[in-house]
>>> print(open('work-v7.csv').read())   # CSV, C-alpha atoms
chain,number,residue,atom,x,y,z
A,1,MET,CA,30.9,-19.8,45.6
A,2,SER,CA,27.4,-20.1,47.1
A,3,TYR,CA,24.1,-21.6,45.9
A,4,CYS,CA,20.5,-20.5,46.2
A,5,VAL,CA,18.7,-22.2,49.1
A,6,HIS,CA,15.4,-22.3,47.2
A,7,CYS,CA,16.3,-23.4,43.6
A,8,GLY,CA,19.9,-24.4,44.0
A,9,VAL,CA,21.3,-22.2,41.2
A,10,GLU,CA,24.9,-21.2,41.5
A,11,LEU,CA,25.3,-17.6,42.6
A,12,ALA,CA,28.1,-15.1,41.9
A,13,ALA,CA,29.7,-13.3,44.7
A,14,SER,CA,28.1,-10.0,43.6
A,15,GLU,CA,24.5,-11.4,43.8
A,16,LYS,CA,22.3,-10.1,46.6
A,17,GLU,CA,19.3,-12.2,45.5
A,18,CYS,CA,18.9,-15.1,43.2
A,19,PRO,CA,18.5,-14.0,39.6
A,20,LEU,CA,16.2,-17.0,39.0
A,21,CYS,CA,13.7,-17.0,41.9
A,22,GLN,CA,14.6,-13.7,43.6
A,23,THR,CA,15.3,-15.4,46.9
A,24,GLU,CA,17.5,-13.3,49.2
A,25,VAL,CA,21.1,-14.6,49.5
A,26,VAL,CA,22.2,-15.1,53.0
A,27,ASN,CA,25.8,-16.3,53.6
A,28,PRO,CA,27.0,-15.7,57.1
A,29,ARG,CA,30.6,-16.4,56.1
A,30,SER,CA,30.6,-13.9,53.3
A,31,PRO,CA,28.4,-10.9,54.0
A,32,TRP,CA,27.2,-9.2,50.8
A,33,GLU,CA,29.0,-6.1,49.7
A,34,LYS,CA,28.1,-4.1,46.7
A,35,PRO,CA,30.9,-4.8,44.1
A,36,VAL,CA,32.6,-2.1,42.3
A,37,ARG,CA,31.9,-3.7,39.0
A,38,THR,CA,29.0,-6.1,38.5
A,39,PRO,CA,29.3,-9.1,36.1
A,40,TYR,CA,25.8,-8.3,34.6
A,41,PRO,CA,24.6,-5.1,33.0
A,42,GLN,CA,22.2,-3.0,35.0
A,43,ARG,CA,20.0,-2.2,32.1
A,44,PHE,CA,18.6,-4.6,29.6
A,45,GLU,CA,17.8,-3.5,26.0
A,46,ALA,CA,15.0,-5.4,24.3
A,47,MET,CA,15.9,-6.2,20.8
A,48,THR,CA,13.2,-7.4,18.4
A,49,ALA,CA,14.2,-9.3,15.3
A,50,GLN,CA,12.7,-7.9,12.1
A,51,ILE,CA,12.3,-9.9,9.0
A,52,ASP,CA,13.1,-8.2,5.7
A,53,ARG,CA,9.8,-9.0,4.0
A,54,SER,CA,10.8,-7.7,0.6
A,55,PHE,CA,14.0,-9.9,0.7
A,56,PHE,CA,12.0,-12.9,1.7
A,57,ALA,CA,9.5,-12.3,-1.1
A,58,THR,CA,12.3,-11.9,-3.6
A,59,ILE,CA,13.9,-15.2,-2.5
A,60,VAL,CA,10.6,-17.1,-2.8
A,61,GLY,CA,9.9,-15.4,-6.2
A,62,VAL,CA,13.2,-16.6,-7.5
A,63,LEU,CA,12.4,-20.1,-6.2
A,64,LEU,CA,9.1,-20.0,-8.1
A,65,LEU,CA,11.1,-19.6,-11.3
A,66,ILE,CA,12.5,-23.1,-10.9
A,67,PRO,CA,9.3,-25.0,-11.5
A,68,LEU,CA,8.3,-22.4,-14.1
A,69,LEU,CA,11.5,-23.0,-16.1
A,70,ILE,CA,11.3,-26.8,-15.7
A,71,THR,CA,7.7,-26.9,-17.1
A,72,VAL,CA,8.5,-24.5,-19.9
A,73,PHE,CA,11.5,-26.6,-20.9
A,74,CYS,CA,9.5,-29.8,-20.8
A,75,ASP,CA,6.7,-28.3,-22.8
A,76,LEU,CA,9.1,-27.1,-25.5
A,77,ALA,CA,11.0,-30.3,-25.5
A,78,THR,CA,7.9,-32.5,-25.9
A,79,GLY,CA,5.5,-30.4,-27.9
A,80,GLY,CA,7.7,-27.9,-29.7
A,81,GLY,CA,5.8,-24.9,-28.3
A,82,LEU,CA,4.1,-23.5,-25.2
A,83,SER,CA,0.8,-25.1,-24.4
A,84,TRP,CA,0.2,-26.7,-21.0
A,85,SER,CA,3.1,-24.9,-19.3
A,86,LEU,CA,1.1,-21.6,-19.6
A,87,TYR,CA,-1.3,-23.0,-17.0
A,88,VAL,CA,1.6,-23.4,-14.6
A,89,ALA,CA,2.9,-20.0,-15.5
A,90,GLY,CA,-0.4,-18.4,-14.8
A,91,GLY,CA,-0.9,-20.3,-11.5
A,92,LEU,CA,2.6,-19.3,-10.3
A,93,ALA,CA,2.0,-15.7,-11.3
A,94,LEU,CA,-1.3,-15.8,-9.4
A,95,CYS,CA,0.4,-17.1,-6.3
A,96,PHE,CA,3.0,-14.4,-6.6
A,97,VAL,CA,0.4,-11.6,-6.8
A,98,TRP,CA,-1.7,-13.1,-3.9
A,99,PHE,CA,0.9,-14.0,-1.4
A,100,LEU,CA,4.3,-12.3,-2.3
A,101,LEU,CA,3.4,-8.9,-3.8
A,102,PRO,CA,2.0,-7.5,-0.5
A,103,LEU,CA,5.4,-8.2,1.2
A,104,PHE,CA,7.1,-5.6,-1.0
A,105,PHE,CA,5.0,-2.9,0.6
A,106,LYS,CA,5.5,-1.6,4.1
A,107,LYS,CA,1.8,-1.0,4.7
A,108,TYR,CA,-0.9,-3.4,3.8
A,109,ARG,CA,-3.9,-1.8,2.1
A,110,PRO,CA,-6.8,-4.3,2.0
A,111,THR,CA,-8.9,-2.5,-0.6
A,112,ALA,CA,-6.1,-2.0,-3.1
A,113,PHE,CA,-4.6,-5.5,-2.8
A,114,SER,CA,-8.1,-7.0,-3.1
A,115,LEU,CA,-8.6,-5.2,-6.4
A,116,VAL,CA,-5.3,-6.4,-7.6
A,117,ASN,CA,-6.0,-10.0,-6.5
A,118,CYS,CA,-9.4,-10.1,-8.1
A,119,THR,CA,-8.0,-8.6,-11.3
A,120,ALA,CA,-5.2,-11.3,-11.4
A,121,ALA,CA,-7.8,-14.0,-10.9
A,122,ILE,CA,-10.0,-12.7,-13.7
A,123,LEU,CA,-7.0,-12.5,-16.1
A,124,TYR,CA,-6.0,-16.1,-15.2
A,125,LEU,CA,-9.6,-17.3,-16.0
A,126,ALA,CA,-9.3,-15.4,-19.3
A,127,LEU,CA,-6.0,-17.2,-20.0
A,128,ILE,CA,-7.6,-20.6,-19.2
A,129,ASN,CA,-10.5,-19.8,-21.5
A,130,HIS,CA,-8.1,-18.8,-24.3
A,131,LEU,CA,-5.9,-21.9,-24.0
A,132,MET,CA,-9.0,-24.2,-23.9
A,133,GLY,CA,-10.5,-22.4,-26.9
A,134,GLY,CA,-13.7,-22.1,-24.9
A,135,SER,CA,-16.5,-19.5,-25.1
A,136,TRP,CA,-17.6,-19.5,-21.4
A,137,PHE,CA,-15.5,-16.6,-20.2
A,138,LEU,CA,-17.5,-13.6,-21.5
A,139,PRO,CA,-21.0,-14.9,-20.8
A,140,TYR,CA,-20.3,-16.7,-17.5
A,141,GLY,CA,-16.7,-16.3,-16.2
A,142,LEU,CA,-16.3,-12.6,-16.5
A,143,PRO,CA,-19.6,-11.4,-14.9
A,144,ILE,CA,-19.5,-14.0,-12.1
A,145,SER,CA,-15.9,-13.0,-11.4
A,146,LEU,CA,-16.7,-9.3,-11.4
A,147,THR,CA,-19.7,-9.9,-9.1
A,148,ALA,CA,-17.5,-11.8,-6.6
A,149,SER,CA,-14.8,-9.1,-6.8
A,150,VAL,CA,-17.3,-6.3,-6.1
A,151,LEU,CA,-18.8,-8.1,-3.1
A,152,ILE,CA,-15.3,-8.8,-1.7
A,153,VAL,CA,-14.2,-5.2,-2.0
A,154,VAL,CA,-17.5,-3.9,-0.6
A,155,GLN,CA,-17.2,-6.2,2.4
A,156,ILE,CA,-13.7,-5.1,3.0
A,157,VAL,CA,-14.7,-1.4,2.8
A,158,LEU,CA,-17.7,-1.8,5.1
A,159,ILE,CA,-16.2,-4.0,7.8
A,160,PRO,CA,-14.6,-1.7,10.5
A,161,ARG,CA,-10.9,-2.0,10.5
A,162,LYS,CA,-10.5,-2.2,14.2
A,163,LYS,CA,-8.6,-4.7,16.3
A,164,GLN,CA,-11.6,-5.1,18.6
A,165,THR,CA,-13.9,-6.0,15.7
A,166,GLY,CA,-15.2,-9.5,16.5
A,167,LEU,CA,-16.0,-12.5,14.4
A,168,LEU,CA,-19.7,-12.0,14.4
A,169,PRO,CA,-19.8,-8.7,12.3
A,170,VAL,CA,-17.6,-10.3,9.7
A,171,LEU,CA,-19.7,-13.5,9.7
A,172,ALA,CA,-22.9,-11.4,9.3
A,173,TRP,CA,-21.5,-9.5,6.3
A,174,SER,CA,-20.1,-12.7,4.8
A,175,LEU,CA,-23.5,-14.5,5.0
A,176,LEU,CA,-25.2,-11.5,3.3
A,177,CYS,CA,-22.6,-11.4,0.6
A,178,ILE,CA,-22.9,-15.1,0.0
A,179,GLY,CA,-26.6,-14.8,-0.5
A,180,LEU,CA,-26.2,-11.9,-2.9
A,181,PHE,CA,-23.6,-13.8,-4.8
A,182,VAL,CA,-25.8,-16.8,-5.3
A,183,VAL,CA,-28.6,-14.7,-6.6
A,184,ALA,CA,-26.2,-12.9,-9.0
A,185,VAL,CA,-24.9,-16.3,-10.3
A,186,ASN,CA,-28.5,-17.4,-10.8
A,187,LEU,CA,-29.4,-14.3,-12.8
A,188,ILE,CA,-26.2,-14.4,-14.9
A,189,VAL,CA,-26.7,-18.1,-15.8
A,190,GLU,CA,-30.3,-17.5,-16.8
A,191,GLY,CA,-29.4,-14.4,-18.8
A,192,ALA,CA,-26.6,-16.1,-20.7
A,193,ALA,CA,-28.9,-19.0,-21.5
A,194,GLY,CA,-31.5,-16.6,-23.0
A,195,ARG,CA,-34.1,-17.3,-20.3
A,196,PRO,CA,-35.9,-14.6,-18.2
A,197,THR,CA,-33.6,-13.1,-15.6
A,198,VAL,CA,-35.7,-14.0,-12.6
A,199,PRO,CA,-34.3,-15.5,-9.4
A,200,GLY,CA,-35.2,-19.1,-9.1
A,201,TRP,CA,-33.3,-21.7,-7.2
A,202,SER,CA,-31.1,-19.0,-5.6
A,203,VAL,CA,-34.0,-17.9,-3.4
A,204,TYR,CA,-33.6,-21.1,-1.4
A,205,ALA,CA,-30.0,-20.1,-0.5
A,206,PHE,CA,-30.6,-16.3,-0.3
A,207,VAL,CA,-33.3,-16.4,2.3
A,208,PRO,CA,-31.4,-18.6,4.9
A,209,CYS,CA,-28.3,-16.5,4.4
A,210,VAL,CA,-30.2,-13.3,5.1
A,211,LEU,CA,-32.0,-14.7,8.1
A,212,LEU,CA,-28.7,-16.1,9.5
A,213,SER,CA,-27.1,-12.7,8.9
A,214,ILE,CA,-29.9,-10.9,10.8
A,215,VAL,CA,-29.6,-13.4,13.7
A,216,VAL,CA,-25.9,-12.9,13.9
A,217,SER,CA,-26.2,-9.1,13.8
A,218,VAL,CA,-28.8,-9.2,16.6
A,219,LEU,CA,-26.6,-11.5,18.6
A,220,GLU,CA,-23.7,-9.1,18.2
A,221,ARG,CA,-25.8,-6.2,19.6
A,222,ARG,CA,-27.2,-8.2,22.5
A,223,LYS,CA,-24.1,-8.5,24.7
A,224,ASP,CA,-26.0,-10.2,27.5
A,225,LEU,CA,-27.4,-12.8,25.2
A,226,LYS,CA,-24.0,-13.4,23.6
A,227,GLU,CA,-22.4,-13.8,27.1
A,228,ARG,CA,-25.2,-16.2,28.1
A,229,ILE,CA,-24.6,-18.4,25.0
A,230,ARG,CA,-20.9,-18.3,25.6
A,231,ARG,CA,-21.3,-19.6,29.1
A,232,ARG,CA,-23.7,-22.3,28.0
A,233,LEU,CA,-21.3,-23.5,25.3
A,234,PHE,CA,-18.3,-23.3,27.8
A,235,PHE,CA,-16.0,-21.1,25.7
>>> encode(input="work-v7.csv", output="structure tokens")
Amino acid sequence: MSYCVHCGVELAASEKECPLCQTEVVNPRSPWEKPVRTPYPQRFEAMTAQIDRSFFATIVGVLLLIPLLITVFCDLATGGGLSWSLYVAGGLALCFVWFLLPLFFKKYRPTAFSLVNCTAAILYLALINHLMGGSWFLPYGLPISLTASVLIVVQIVLIPRKKQTGLLPVLAWSLLCIGLFVVAVNLIVEGAAGRPTVPGWSVYAFVPCVLLSIVVSVLERRKDLKERIRRRLFF
């Protein structure tokens, strides 16, 4: 049995070079001869482990039933009916829709899942309003939620779905959507309060968002300027 003169690893008699550092094996007492049968395969097959996403989602979904059943049992035992446990049930259902439901599908469709996620969030807000006996959902919660949902879906549709799409285009669209959302919230609140639907305080947030969005867009188009800034900031 010989050893590699470079790294010291133990070598089999069939080795012509070290399998670790590829140093040629030189043994004057035992010249190398090609063996009839090598101890190692000549061809390596790469095997990639694939996770069964639907099975994982099913397991986690079953685990989510444990806190749900515990809270429902405690609610029934202490209050004689379902009251506060519905908040937990709605929150767990929302987590299931947001994080686990996409795992049951082979292909992720951002637009479709965004619509489902926004719908689930709106329904959960409606449930909270009903349990609280409030009246804020229709004048405030529903229109604000719908506005946010529309802006999210529009942003997903308009942003190019390419791997080479950088952070700056996403940031530019996000800033613009944030500015529009603030204005929409201002108009909704004013309209629900019976006041004239004219933008007021939202202008102070909308203008900076739009200006920053323009700056980011220009920076994305000016490759030389972007590279110069990157060098100045050392990243």
>>> closest_residue(input="work-v7.csv", among="A:Leu115, A:Leu168, A:Cys177, A:Val185", to="Val153 of chain A", atoms="all atoms listed in the file")
A:Leu115
>>> atom_distance(input="work-v7.csv", atom1="atom CA of Val198 of chain A", atom2="atom CA of Ala172 of chain A")
25.5 Å
>>> atom_distance(input="work-v7.csv", atom1="atom CA of Leu175 of chain A", atom2="atom CA of Ser213 of chain A")
5.6 Å
>>> atom_distance(input="work-v7.csv", atom1="atom CA of Val189 of chain A", atom2="atom CA of Tyr140 of chain A")
6.8 Å
>>> closest_residue(input="work-v7.csv", among="A:Leu158, A:Leu167, A:Ile144, A:Ala126", to="Ala192 of chain A", atoms="only C-alpha atoms")
A:Ile144
>>> residues_around(input="work-v7.csv", residues="Cys21 of chain A", least_positions_apart="6", cutoff="12 Å", atoms="only C-alpha atoms", output="MDAnalysis selection string")
chainID A and resid 4:11
>>> closest_residue(input="work-v7.csv", among="A:Gly61, A:Pro19, A:Gly166, A:Pro208", to="Ala93 of chain A", atoms="all atoms listed in the file")
A:Gly61
>>> residues_around(input="work-v7.csv", residues="Val183 of chain A", least_positions_apart="5", cutoff="12 Å", atoms="all atoms listed in the file", output="PyMOL selection string")
chain A and resi 144+147-148+176-178+188-190+197-207+209-210
>>> closest_residue(input="work-v7.csv", among="A:Leu138, A:Leu94, A:Leu131, A:Leu180", to="Leu82 of chain A", atoms="all atoms listed in the file")
A:Leu131
>>> closest_residue(input="work-v7.csv", among="A:Ala77, A:Ala120, A:Val72, A:Val25", to="Leu101 of chain A", atoms="only C-alpha atoms")
A:Ala120
>>> closest_residue(input="work-v7.csv", among="A:Ile152, A:Leu219, A:Leu86, A:Arg53", to="Leu69 of chain A", atoms="all atoms listed in the file")
A:Leu86
>>> residues_around(input="work-v7.csv", residues="Ile122 of chain A", least_positions_apart="3", cutoff="7 Å", atoms="only C-alpha atoms", output="ChimeraX atom specification")
/A:118-119,125-126,142,145
